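Colleague: Take this structure, written in structure tokens, and hold onto it; I'll ask about it next.
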Amino acid sequence: MRSAQVLMFSLCVFGGLFLLTQAPSFFMPDRWDPAIGRQFDATASRLLGAALLAIAWLGGGYLRRHYYSEIRRLPGPGEQRRYFAVLLIALALLTAAVNRAEPSPNPDYRPPATQQYQADRDAVPHSGD
């Protein structure tokens, strides 16, 4: 379990740093319909990278407190408020990134062959009409 947590922490750190520093534009397909999705520009990529780094900061504190400290204790009220504030900031950055990304059709999407064949067949005029 700890190795999975460290893997997710590392992915958040490296993915967040990459998105924050390189700011690539990329397309994220929709979960249910791959023909549409969101096109992330440089600003949306940076917002998403900042959100991932905030989540990594939260995960790092959790790992440090519960796995790598000699005394495992619950955080105090001040630390809980900071955790909650950073969590709200991460959610706000993630929401801003998704809202900033433009909904658009997938540039690389090709319908399955059976759908394409049916569409081509319906587009050809029949001689009996």
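Please note that chains go A, B, ... in the order of the structure tokens, that every chain numbers its residues from 1, and that ligands are numbered from 1 in the order shown.
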Using 9 Å as the limit and counting only C-alpha atoms, can you tabulate each residue of region 28-69 of chain A that touches region 95-99 of chain A, with its shortest atom-to-atom distance in Å and the two atoms involved, as a Markdown table?
Modeller:
```
| residue | atom | partner | partner_atom | distance |
| --- | --- | --- | --- | --- |
| A:Arg38 | CA | A:Val98 | CA | 7.8 |
| A:Phe40 | CA | A:Ala97 | CA | 7.9 |
| A:Thr43 | CA | A:Ala97 | CA | 7.8 |
| A:Ala44 | CA | A:Ala97 | CA | 4.5 |
| A:Ser45 | CA | A:Ala97 | CA | 7.0 |
| A:Arg46 | CA | A:Ala97 | CA | 8.0 |
| A:Leu47 | CA | A:Ala97 | CA | 5.2 |
| A:Leu48 | CA | A:Ala97 | CA | 5.5 |
| A:Ala51 | CA | A:Ala97 | CA | 8.7 |
```
Colleague: Restricting it to C-alpha atoms, dump the selection as a PDB file, in the first residue's frame.
Modeller:
```pdb
ATOM      1  CA  ARG A  38     -11.457  19.469 -23.651  1.00  0.00           C
ATOM      2  CA  PHE A  40      -6.121  22.464 -22.560  1.00  0.00           C
ATOM      3  CA  THR A  43      -2.772  28.535 -18.963  1.00  0.00           C
ATOM      4  CA  ALA A  44      -5.047  25.569 -18.258  1.00  0.00           C
ATOM      5  CA  SER A  45      -1.979  23.285 -18.185  1.00  0.00           C
ATOM      6  CA  ARG A  46      -0.294  25.518 -15.621  1.00  0.00           C
ATOM      7  CA  LEU A  47      -3.429  25.603 -13.479  1.00  0.00           C
ATOM      8  CA  LEU A  48      -3.644  21.813 -13.634  1.00  0.00           C
ATOM      9  CA  ALA A  51      -3.373  21.726  -8.596  1.00  0.00           C
TER      10      ALA A  51
END
```
Colleague: Within 9 Å of region 2-5 of chain A, which residues of region 28-67 of chain A come that close, and what is the closest atom pair and distance in Å for each? Count only C-alpha atoms and give it as a tab-separated table.
Modeller:
```
residue	atom	partner	partner_atom	distance
A:Gly59	CA	A:Gln5	CA	8.3
A:Leu63	CA	A:Gln5	CA	8.2
A:Tyr67	CA	A:Arg2	CA	8.5
```
Colleague: When you count only C-alpha atoms, which of these residues is closest to Asp108 (chain A): A:Leu52, A:Ala92, A:Val86, A:Met28?
Modeller: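 Between A:Leu52, A:Ala92, A:Val86, A:Met28, the residue approaching Asp108 (chain A) most closely is A:Met28.
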Colleague: Chain A: which residues are strand (DSSP E) by DSSP, as a list in words?
Modeller: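 Residues of chain A classed as strand (DSSP E): Phe26, Phe27, Met28, Pro29, Ile36, Gly37, Arg38, Gln39, Phe40, Glu102, Pro103, Ser104 and Pro105 of chain A.
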Colleague: Could you please write out, as a PyMOL selection string, every residue of chain A that DSSP assigns to alpha helix (DSSP H)?
Modeller: chain A and resi 2-22+42-66+77-100+113-123
